[in-house]
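Asks: Contents of input.tsv (TSV, C-alpha atoms and all ligand atoms) are below:
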```
chain	number	residue	atom	x	y	z
A	1	MET	CA	14.85	13.87	-12.56
A	2	LYS	CA	11.53	12.44	-13.69
A	3	LYS	CA	8.30	14.43	-13.69
A	4	ILE	CA	5.44	12.34	-12.36
A	5	ILE	CA	1.84	13.40	-11.83
A	6	HIS	CA	-0.70	11.38	-9.88
A	7	ILE	CA	-4.32	12.27	-10.56
A	8	ASP	CA	-7.11	11.14	-8.27
A	9	MET	CA	-10.74	12.09	-8.83
A	10	ASP	CA	-12.51	13.53	-5.80
A	11	ALA	CA	-15.17	11.25	-4.26
A	12	TYR	CA	-15.56	9.93	-7.78
A	13	PHE	CA	-18.78	7.87	-7.78
A	14	ALA	CA	-20.53	10.28	-5.43
A	15	ALA	CA	-19.42	13.29	-7.48
A	16	ILE	CA	-20.87	11.74	-10.64
A	17	GLU	CA	-24.18	10.99	-8.89
A	18	ILE	CA	-24.35	14.59	-7.68
A	19	ARG	CA	-23.57	15.86	-11.17
A	20	GLU	CA	-26.41	13.74	-12.55
A	21	ASN	CA	-28.81	14.84	-9.85
A	22	PRO	CA	-27.95	18.35	-8.63
A	23	SER	CA	-30.54	18.16	-5.83
A	24	LEU	CA	-28.01	15.94	-4.04
A	25	LYS	CA	-25.51	18.76	-3.84
A	26	GLY	CA	-24.37	19.57	-0.30
A	27	LYS	CA	-25.96	16.40	1.06
A	28	CYS	CA	-24.46	13.30	2.62
A	29	VAL	CA	-24.48	11.11	-0.46
A	30	ILE	CA	-23.55	7.47	-0.12
A	31	VAL	CA	-23.02	5.33	-3.19
A	32	GLY	CA	-23.41	1.67	-2.38
A	33	GLY	CA	-25.85	-0.84	-0.98
A	34	SER	CA	-28.96	0.27	0.88
A	35	PRO	CA	-28.79	0.30	4.69
A	36	ASN	CA	-31.30	-2.52	5.08
A	37	SER	CA	-29.24	-4.78	2.85
A	38	ARG	CA	-25.87	-6.35	3.53
A	39	GLY	CA	-24.33	-3.78	1.21
A	40	VAL	CA	-21.30	-1.63	1.80
A	41	VAL	CA	-20.35	1.97	1.09
A	42	SER	CA	-18.58	2.24	-2.22
A	43	THR	CA	-17.88	5.98	-2.14
A	44	CYS	CA	-19.42	8.85	-0.24
A	45	SER	CA	-19.49	12.63	-0.57
A	46	TYR	CA	-17.21	14.81	1.56
A	47	GLU	CA	-20.24	15.85	3.61
A	48	ALA	CA	-20.76	12.20	4.56
A	49	ARG	CA	-17.08	11.78	5.42
A	50	LYS	CA	-17.49	14.36	8.16
A	51	TYR	CA	-19.66	11.80	9.95
A	52	GLY	CA	-16.87	9.26	9.83
A	53	ILE	CA	-18.31	7.37	6.91
A	54	HIS	CA	-15.81	5.80	4.53
A	55	SER	CA	-15.52	3.32	1.67
A	56	GLY	CA	-15.85	-0.31	2.66
A	57	MET	CA	-17.98	0.41	5.74
A	58	SER	CA	-21.30	-1.43	5.92
A	59	SER	CA	-24.21	0.66	4.69
A	60	TYR	CA	-26.06	-0.11	7.89
A	61	GLN	CA	-23.25	1.34	9.99
A	62	ALA	CA	-23.11	4.39	7.72
A	63	TRP	CA	-26.83	4.93	8.17
A	64	ASN	CA	-26.38	4.75	11.94
A	65	LEU	CA	-23.73	7.44	11.77
A	66	CYS	CA	-25.79	9.66	9.51
A	67	PRO	CA	-29.50	8.72	9.34
A	68	HIS	CA	-30.33	11.56	6.94
A	69	ALA	CA	-27.80	10.38	4.34
A	70	VAL	CA	-29.05	9.73	0.83
A	71	PHE	CA	-28.20	6.25	-0.43
A	72	VAL	CA	-27.72	5.86	-4.17
A	73	HIS	CA	-27.06	2.68	-6.12
A	74	SER	CA	-23.95	2.76	-8.26
A	75	SER	CA	-24.22	3.43	-11.99
A	76	PHE	CA	-21.18	1.52	-13.00
A	77	ASN	CA	-21.47	1.97	-16.74
A	78	LEU	CA	-21.57	5.71	-16.33
A	79	TYR	CA	-18.48	5.64	-14.10
A	80	LYS	CA	-16.67	3.66	-16.76
A	81	GLU	CA	-17.74	6.08	-19.48
A	82	VAL	CA	-16.47	9.09	-17.55
A	83	SER	CA	-13.29	7.19	-16.77
A	84	ALA	CA	-12.62	6.67	-20.48
A	85	GLN	CA	-13.14	10.39	-21.02
A	86	ILE	CA	-10.60	11.22	-18.33
A	87	ARG	CA	-8.10	8.74	-19.72
A	88	ASP	CA	-8.35	10.37	-23.13
A	89	ILE	CA	-7.30	13.61	-21.48
A	90	PHE	CA	-4.32	11.85	-19.87
A	91	TYR	CA	-3.28	10.29	-23.17
A	92	SER	CA	-3.47	13.66	-24.86
A	93	VAL	CA	-0.64	14.66	-22.50
A	94	THR	CA	1.53	11.53	-22.62
A	95	ASP	CA	1.44	7.88	-23.62
A	96	LYS	CA	3.10	6.99	-20.34
A	97	VAL	CA	-0.07	6.57	-18.31
A	98	GLU	CA	-0.54	3.95	-15.62
A	99	PRO	CA	-4.22	3.71	-14.67
A	100	MET	CA	-4.66	2.36	-11.15
A	101	SER	CA	-8.46	2.28	-11.11
A	102	LEU	CA	-11.37	4.04	-12.77
A	103	ASP	CA	-10.52	7.30	-11.08
A	104	GLU	CA	-6.80	7.26	-10.53
A	105	ALA	CA	-3.67	7.24	-12.68
A	106	TYR	CA	0.01	8.05	-12.78
A	107	LEU	CA	1.41	10.06	-15.68
A	108	ASP	CA	5.05	10.39	-16.58
A	109	VAL	CA	5.24	13.84	-18.16
A	110	THR	CA	9.03	14.08	-18.34
A	111	GLN	CA	8.43	14.06	-22.08
A	112	ASN	CA	4.95	15.21	-23.03
A	113	LYS	CA	2.79	16.08	-25.98
A	114	LEU	CA	2.04	19.57	-24.69
A	115	GLY	CA	5.70	20.51	-25.07
A	116	GLU	CA	5.53	21.97	-21.56
A	117	ASP	CA	8.50	21.78	-19.19
A	118	ASP	CA	6.72	22.70	-16.00
A	119	PRO	CA	4.84	19.70	-14.58
A	120	VAL	CA	2.80	21.97	-12.33
A	121	LYS	CA	1.37	23.76	-15.35
A	122	ILE	CA	0.61	20.38	-16.89
A	123	ALA	CA	-1.20	19.23	-13.75
A	124	GLN	CA	-3.23	22.43	-13.73
A	125	TRP	CA	-4.03	21.97	-17.41
A	126	ILE	CA	-5.28	18.43	-16.72
A	127	LYS	CA	-7.40	19.60	-13.79
A	128	ASP	CA	-8.94	22.36	-15.93
A	129	GLU	CA	-9.57	20.01	-18.81
A	130	VAL	CA	-11.16	17.34	-16.58
A	131	LEU	CA	-13.43	19.97	-15.05
A	132	LYS	CA	-14.37	21.40	-18.42
A	133	GLN	CA	-15.13	18.04	-20.01
A	134	THR	CA	-16.71	16.19	-17.10
A	135	ARG	CA	-17.77	18.91	-14.64
A	136	LEU	CA	-15.86	16.95	-11.98
A	137	THR	CA	-12.88	17.92	-9.86
A	138	CYS	CA	-9.76	15.93	-9.25
A	139	SER	CA	-6.67	16.29	-7.11
A	140	ALA	CA	-3.14	16.18	-8.45
A	141	GLY	CA	0.20	15.37	-6.91
A	142	VAL	CA	3.32	16.47	-8.73
A	143	SER	CA	6.75	15.12	-7.88
A	144	TYR	CA	9.76	13.24	-9.16
A	145	ASN	CA	8.54	9.72	-8.41
A	146	LYS	CA	5.34	7.73	-8.07
A	147	PHE	CA	5.29	7.45	-4.31
A	148	LEU	CA	5.61	11.17	-3.72
A	149	ALA	CA	3.13	12.07	-6.46
A	150	LYS	CA	0.59	9.74	-4.87
A	151	ILE	CA	1.16	11.21	-1.42
A	152	GLY	CA	0.82	14.67	-2.94
A	153	SER	CA	-2.54	14.07	-4.58
A	154	ASP	CA	-3.96	13.05	-1.21
A	155	LEU	CA	-2.64	16.01	0.78
A	156	HIS	CA	-5.10	18.70	-0.26
A	157	LYS	CA	-8.27	16.99	-1.33
A	158	PRO	CA	-10.66	17.91	-2.86
A	159	ASP	CA	-9.57	19.94	-5.90
A	160	GLY	CA	-5.97	20.01	-4.70
A	161	LEU	CA	-2.72	20.49	-6.53
A	162	THR	CA	0.29	19.63	-4.41
A	163	VAL	CA	3.89	19.79	-5.52
A	164	ILE	CA	6.53	17.86	-3.61
A	165	ASN	CA	10.04	19.03	-4.44
A	166	PRO	CA	13.16	17.36	-3.01
A	167	GLU	CA	13.50	20.05	-0.35
A	168	ASP	CA	9.92	19.41	0.87
A	169	VAL	CA	10.30	15.67	1.28
A	170	GLN	CA	11.60	15.52	4.82
A	171	ARG	CA	9.06	17.99	6.22
A	172	ILE	CA	6.10	16.26	4.55
A	173	MET	CA	7.25	12.71	5.24
A	174	PHE	CA	8.07	13.36	8.89
A	175	ALA	CA	4.60	14.70	9.60
A	176	LEU	CA	2.79	11.96	7.69
A	177	PRO	CA	0.87	9.49	9.91
A	178	ILE	CA	2.08	5.97	9.22
A	179	GLY	CA	-1.37	4.85	8.01
A	180	LYS	CA	-1.21	7.47	5.27
A	181	PHE	CA	1.90	5.96	3.69
A	182	HIS	CA	0.86	4.48	0.40
A	183	GLY	CA	1.85	0.82	0.51
A	184	ILE	CA	1.49	0.49	4.26
A	185	GLY	CA	-1.79	-1.26	4.83
A	186	LYS	CA	-3.86	-1.49	7.99
A	187	VAL	CA	-2.13	-4.59	9.28
A	188	THR	CA	1.37	-3.26	8.73
A	189	ALA	CA	0.40	0.11	10.17
A	190	ALA	CA	-0.81	-1.61	13.33
A	191	ARG	CA	2.45	-3.56	13.61
A	192	MET	CA	4.46	-0.40	13.14
A	193	LYS	CA	2.51	1.40	15.82
A	194	LYS	CA	3.29	-1.43	18.21
A	195	MET	CA	6.95	-0.85	17.39
A	196	GLY	CA	6.52	2.84	18.21
A	197	ILE	CA	6.39	4.00	14.60
A	198	HIS	CA	3.52	6.46	14.34
A	199	ASN	CA	4.66	8.79	11.59
A	200	GLY	CA	7.34	9.28	8.98
A	201	GLU	CA	9.77	10.72	11.45
A	202	ASP	CA	9.60	7.57	13.59
A	203	LEU	CA	10.03	5.45	10.47
A	204	PHE	CA	12.99	7.51	9.31
A	205	LYS	CA	14.85	6.79	12.53
A	206	ARG	CA	14.73	3.01	12.12
A	207	ASP	CA	17.66	1.40	10.39
A	208	LEU	CA	17.39	-0.68	7.28
A	209	LYS	CA	18.35	-3.96	8.96
A	210	GLU	CA	15.63	-3.64	11.54
A	211	LEU	CA	12.97	-2.85	8.94
A	212	ILE	CA	14.02	-5.79	6.81
A	213	ARG	CA	14.02	-8.08	9.82
A	214	TYR	CA	10.43	-7.13	10.62
A	215	PHE	CA	8.96	-6.61	7.16
A	216	GLY	CA	11.16	-8.55	4.75
A	217	LYS	CA	11.72	-6.95	1.38
A	218	ALA	CA	8.95	-4.45	2.04
A	219	GLY	CA	11.18	-3.04	4.77
A	220	PHE	CA	13.55	-1.90	2.08
A	221	PHE	CA	10.68	-0.11	0.33
A	222	TYR	CA	9.62	1.63	3.57
A	223	TYR	CA	13.18	2.65	4.29
A	224	ASN	CA	13.46	4.21	0.86
A	225	VAL	CA	10.11	5.93	0.48
A	226	VAL	CA	10.34	7.79	3.76
A	227	ARG	CA	13.52	9.27	2.26
A	228	GLY	CA	11.68	10.12	-0.93
A	229	ILE	CA	13.37	7.33	-2.88
A	230	ASP	CA	11.21	5.33	-5.26
A	231	ASN	CA	12.67	4.09	-8.53
A	232	ARG	CA	9.60	2.27	-9.82
A	233	GLU	CA	8.83	2.92	-13.45
A	234	LEU	CA	5.31	3.51	-14.64
A	235	HIS	CA	3.67	0.32	-15.75
A	236	THR	CA	1.91	1.24	-18.93
A	237	SER	CA	-0.53	-1.25	-20.35
A	238	TRP	CA	1.22	-2.18	-23.58
A	239	GLU	CA	4.47	-3.14	-21.95
A	240	PRO	CA	4.86	-6.88	-21.45
A	241	LYS	CA	5.34	-8.35	-17.97
A	242	SER	CA	7.39	-11.18	-19.30
A	243	ILE	CA	8.73	-12.40	-22.59
A	244	SER	CA	8.96	-16.02	-23.60
A	245	CYS	CA	9.20	-18.49	-26.41
A	246	GLU	CA	8.56	-22.19	-26.58
A	247	SER	CA	8.71	-24.99	-29.00
A	248	THR	CA	6.77	-28.21	-29.34
A	249	PHE	CA	8.84	-30.98	-30.81
A	250	TYR	CA	7.93	-32.98	-33.83
A	251	GLU	CA	8.89	-36.06	-31.85
A	252	ASP	CA	9.13	-36.26	-28.04
A	253	ILE	CA	12.73	-36.01	-26.85
A	254	GLY	CA	14.29	-38.30	-24.25
A	255	ASP	CA	17.94	-37.49	-24.81
A	256	VAL	CA	19.60	-34.86	-22.66
A	257	ASP	CA	22.02	-33.60	-25.31
A	258	GLU	CA	19.21	-33.14	-27.74
A	259	LEU	CA	17.17	-31.28	-25.11
A	260	LEU	CA	20.08	-28.98	-24.32
A	261	GLN	CA	20.51	-28.27	-28.00
A	262	GLN	CA	16.86	-27.29	-28.27
A	263	LEU	CA	17.23	-25.21	-25.15
A	264	ARG	CA	20.18	-23.33	-26.63
A	265	ARG	CA	18.20	-22.60	-29.76
A	266	LEU	CA	15.33	-21.20	-27.67
A	267	CYS	CA	17.68	-19.08	-25.55
A	268	ASP	CA	19.21	-17.61	-28.70
A	269	LYS	CA	15.77	-16.77	-30.01
A	270	LEU	CA	14.67	-15.25	-26.71
A	271	ALA	CA	17.86	-13.20	-26.31
A	272	THR	CA	17.44	-11.82	-29.81
A	273	ARG	CA	13.82	-10.87	-29.18
A	274	MET	CA	14.72	-9.25	-25.89
A	275	SER	CA	17.52	-7.15	-27.32
A	276	MET	CA	15.33	-6.09	-30.23
A	277	LYS	CA	12.75	-4.87	-27.73
A	278	LYS	CA	15.49	-3.44	-25.52
A	279	LEU	CA	14.25	-5.56	-22.59
A	280	GLN	CA	16.22	-7.08	-19.78
A	281	GLY	CA	14.92	-9.27	-16.98
A	282	LEU	CA	15.76	-10.65	-13.58
A	283	ASN	CA	13.92	-13.94	-13.49
A	284	LEU	CA	14.13	-16.95	-15.74
A	285	VAL	CA	11.41	-19.55	-16.12
A	286	LEU	CA	11.71	-22.96	-17.69
A	287	LYS	CA	8.65	-24.91	-18.72
A	288	LEU	CA	8.73	-28.59	-19.57
A	289	LYS	CA	5.76	-30.46	-20.93
A	290	TYR	CA	6.12	-34.23	-20.79
A	291	ASP	CA	4.75	-36.82	-23.16
A	292	ASN	CA	1.78	-37.35	-20.83
A	293	PHE	CA	1.06	-33.57	-21.05
A	294	GLU	CA	2.08	-32.96	-17.48
A	295	ILE	CA	3.70	-29.55	-17.14
A	296	ASN	CA	6.60	-28.71	-14.89
A	297	SER	CA	7.55	-25.08	-14.51
A	298	ARG	CA	10.51	-23.79	-12.50
A	299	SER	CA	12.10	-20.41	-12.12
A	300	ILE	CA	15.40	-19.02	-10.97
A	301	SER	CA	16.71	-15.53	-10.25
A	302	LEU	CA	19.31	-14.20	-12.64
A	303	PRO	CA	22.41	-12.56	-11.14
A	304	ASN	CA	21.39	-9.19	-12.58
A	305	MET	CA	19.20	-7.56	-15.22
A	306	THR	CA	20.20	-9.24	-18.44
A	307	ASN	CA	19.27	-10.37	-21.92
A	308	GLU	CA	22.59	-12.04	-22.69
A	309	ARG	CA	22.15	-15.36	-24.44
A	310	GLU	CA	25.02	-17.08	-22.63
A	311	ILE	CA	23.71	-16.15	-19.20
A	312	LEU	CA	20.16	-17.13	-20.13
A	313	TYR	CA	21.42	-20.46	-21.42
A	314	GLN	CA	23.62	-21.13	-18.43
A	315	TYR	CA	20.70	-20.67	-16.00
A	316	ALA	CA	18.21	-22.46	-18.22
A	317	GLU	CA	20.56	-25.43	-18.44
A	318	GLN	CA	20.87	-25.46	-14.68
A	319	LEU	CA	17.08	-25.55	-14.33
A	320	LEU	CA	16.70	-28.25	-16.91
A	321	VAL	CA	19.30	-30.53	-15.41
A	322	ALA	CA	17.92	-30.06	-11.92
A	323	ASN	CA	14.29	-30.57	-12.83
A	324	TRP	CA	13.98	-32.87	-15.75
A	325	ASP	CA	12.53	-36.25	-14.88
A	326	ALA	CA	14.89	-38.28	-17.07
A	327	THR	CA	12.57	-41.27	-17.14
A	328	ARG	CA	10.16	-39.21	-19.22
A	329	LYS	CA	10.23	-37.80	-22.70
A	330	VAL	CA	9.71	-34.11	-23.26
A	331	ARG	CA	7.11	-32.83	-25.67
A	332	LEU	CA	7.66	-29.09	-25.29
A	333	ILE	CA	10.21	-26.70	-23.83
A	334	GLY	CA	9.42	-23.13	-23.01
A	335	ILE	CA	11.71	-20.47	-21.70
A	336	GLY	CA	10.78	-17.03	-20.45
A	337	VAL	CA	12.18	-14.03	-18.64
A	338	GLY	CA	10.16	-11.99	-16.17
A	339	LYS	CA	10.70	-9.05	-13.83
A	340	LEU	CA	11.53	-6.99	-16.85
A	341	ASP	CA	13.15	-3.61	-16.49
A	342	ASN	CA	10.15	-1.88	-18.08
A	343	GLN	CA	8.00	-2.84	-15.13
A	344	LEU	CA	7.25	-1.28	-11.83
A	345	ASP	CA	9.05	-3.21	-9.18
A	346	GLY	CA	6.62	-6.10	-9.11
A	347	GLU	CA	8.30	-7.76	-6.18
A	348	GLN	CA	7.74	-4.85	-3.85
A	349	ILE	CA	4.26	-4.10	-5.04
A	350	SER	CA	3.00	-7.65	-4.76
A	351	LEU	CA	3.87	-7.58	-1.07
A	352	PHE	CA	1.10	-5.10	-0.51
B	1	MG	MG	-10.48	8.96	-5.88
```
What is this file in structure tokens?
Ligand SMILES: [Mg+2]
Replies:
Amino acid sequence: MKKIIHIDMDAYFAAIEIRENPSLKGKCVIVGGSPNSRGVVSTCSYEARKYGIHSGMSSYQAWNLCPHAVFVHSSFNLYKEVSAQIRDIFYSVTDKVEPMSLDEAYLDVTQNKLGEDDPVKIAQWIKDEVLKQTRLTCSAGVSYNKFLAKIGSDLHKPDGLTVINPEDVQRIMFALPIGKFHGIGKVTAARMKKMGIHNGEDLFKRDLKELIRYFGKAGFFYYNVVRGIDNRELHTSWEPKSISCESTFYEDIGDVDELLQQLRRLCDKLATRMSMKKLQGLNLVLKLKYDNFEINSRSISLPNMTNEREILYQYAEQLLVANWDATRKVRLIGIGVGKLDNQLDGEQISLF
């Protein structure tokens, strides 16, 4: 089982402003545009949240809810600086870090530089270190996949540390309001409520077919996560999203056999590169550039995760034959594979 930690800073921008100006402590602090502008709330302190103020709300509306709130303009460079500091702490634990924003990241600590087995101790260590170095608090979620770690970090904010073990999943998921499911946005949440799905328990009772019928592929994701299943890998920044190679011909090619020969050469090259990098992919892309520089790009799903040259060639050939405008000469061929197995499940995520 993997050990995943999700760290989320508490009221990040507001907390930094309060740190910089301690007289703001205990007040309703709103970072964002001023109320007499068309600005919006970027972040607000927990005191302000008690008045129903939240990120994305217009500053004017926030001021109506809490006229004594203090409005502060954002100091973006400072937020970025502190963010880099926090990331250094993360990277001192593991290289498998997936930053989601300035104040949020997933860490895979299954293997870690602290040599610590217990992910809860690691999460506590990170929280202590963040506090010591930045004088800011964060909340941590510890679990065996990204979804649950993310849910965990949100459960006991601020300054929380929540562990979700397999035996806790059903209890926590059942009680979770549908709008709190990470990956279920406002629109989807509203649709679900219309269908009578108000919390995890309601979602759990729906069968897979029904969810797919209503929500497409995302339905599969919802079906899984409410059961605590989420196989997405961390998407760390240095891992490629796709891998490709291309070749521009010395002379434009108008002969199909010659094109297929070039295509085979490229597939060989790509397959070799993929196996050297231990990458497999699910999607193949063919790019053709014609003699008038017009580019045609087509993709096809591979039958399964692969880096086998014969399979790559077979599908690339199919794309070429189906898409090549034979009245035109080809100047360049490119071939690439995406949806690599090192990635988070891009398909599911892009639906959100
Ligand atoms: Mg946050």
Asks: Nearest to ligand MG 1 (chain B): which of A:Val82, A:Val70, A:Leu266, A:Ala15 is it, counting only C-alpha atoms and all ligand atoms?
Replies: A:Ala15
Asks: Write out as a ChimeraX atom specification which residues come within 7 Å of A:Ala175 when counting all atoms listed in the file, dropping same-chain ones fewer than 5 positions away.
Replies: /A:199-201
Asks: Between atom CA of A:Ile172 and atom CA of A:Ile5, what is the spacing in Å?
Replies: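 Straight-line distance from atom CA of A:Ile5 to atom CA of A:Ile172 works out to 17.2 Å.
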Asks: Quick one: residues within 6 Å of ligand MG 1 (chain B), with only C-alpha atoms and all ligand atoms, as a PyMOL selection string?
Replies: chain A and resi 8-12+103
Asks: Kindly indicate which residue among A:Glu251, A:Asp88, A:Glu308, A:Asp268 lies nearest to A:Glu129, using all atoms listed in the file for the distances.
Replies: A:Asp88
Asks: Taking 3 positions as the minimum chain separation for residues in the same chain, which residues sit within 8 Å of A:Asp252 when counting only C-alpha atoms? Answer as a VMD selection string.
Replies: chain A and resid 249 291 329 to 332
Asks: Taking 5 positions as the minimum chain separation for residues in the same chain, which residues sit within 12 Å of A:Asp257 when counting all atoms listed in the file? Answer as number ranges by chain.
Replies: A: 262-264, 317, 320-321, 326
Asks: Complete stretch 62-74 of chain A at the level of N, CA and C atoms, written as an mmCIF file, in the coordinates of the input.
Replies:
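File out-v2.cif, as written:
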```cif
data_model
loop_
_atom_site.group_PDB
_atom_site.id
_atom_site.type_symbol
_atom_site.label_atom_id
_atom_site.label_comp_id
_atom_site.auth_asym_id
_atom_site.auth_seq_id
_atom_site.Cartn_x
_atom_site.Cartn_y
_atom_site.Cartn_z
ATOM 1 N N ALA A 62 -23.125 3.015 8.244
ATOM 2 C CA ALA A 62 -23.110 4.390 7.720
ATOM 3 C C ALA A 62 -24.423 5.091 8.039
ATOM 4 N N TRP A 63 -25.500 4.369 7.905
ATOM 5 C CA TRP A 63 -26.830 4.930 8.170
ATOM 6 C C TRP A 63 -26.968 5.282 9.653
ATOM 7 N N ASN A 64 -26.382 4.445 10.512
ATOM 8 C CA ASN A 64 -26.380 4.750 11.940
ATOM 9 C C ASN A 64 -25.641 6.038 12.253
ATOM 10 N N LEU A 65 -24.535 6.245 11.547
ATOM 11 C CA LEU A 65 -23.730 7.440 11.770
ATOM 12 C C LEU A 65 -24.414 8.690 11.232
ATOM 13 N N CYS A 66 -25.185 8.506 10.169
ATOM 14 C CA CYS A 66 -25.790 9.660 9.510
ATOM 15 C C CYS A 66 -27.152 9.252 8.930
ATOM 16 N N PRO A 67 -28.191 9.251 9.771
ATOM 17 C CA PRO A 67 -29.500 8.720 9.340
ATOM 18 C C PRO A 67 -30.136 9.524 8.208
ATOM 19 N N HIS A 68 -29.710 10.780 8.024
ATOM 20 C CA HIS A 68 -30.330 11.560 6.940
ATOM 21 C C HIS A 68 -29.553 11.453 5.623
ATOM 22 N N ALA A 69 -28.574 10.550 5.576
ATOM 23 C CA ALA A 69 -27.800 10.380 4.340
ATOM 24 C C ALA A 69 -28.688 9.859 3.208
ATOM 25 N N VAL A 70 -28.330 10.243 1.996
ATOM 26 C CA VAL A 70 -29.050 9.730 0.830
ATOM 27 C C VAL A 70 -28.256 8.578 0.239
ATOM 28 N N PHE A 71 -28.879 7.414 0.144
ATOM 29 C CA PHE A 71 -28.200 6.250 -0.430
ATOM 30 C C PHE A 71 -28.539 6.136 -1.914
ATOM 31 N N VAL A 72 -27.525 5.969 -2.726
ATOM 32 C CA VAL A 72 -27.720 5.860 -4.170
ATOM 33 C C VAL A 72 -27.035 4.589 -4.659
ATOM 34 N N HIS A 73 -27.707 3.861 -5.531
ATOM 35 C CA HIS A 73 -27.060 2.680 -6.120
ATOM 36 C C HIS A 73 -26.053 3.111 -7.167
ATOM 37 N N SER A 74 -25.010 2.334 -7.331
ATOM 38 C CA SER A 74 -23.950 2.760 -8.260
ATOM 39 C C SER A 74 -24.381 2.572 -9.715
#
```
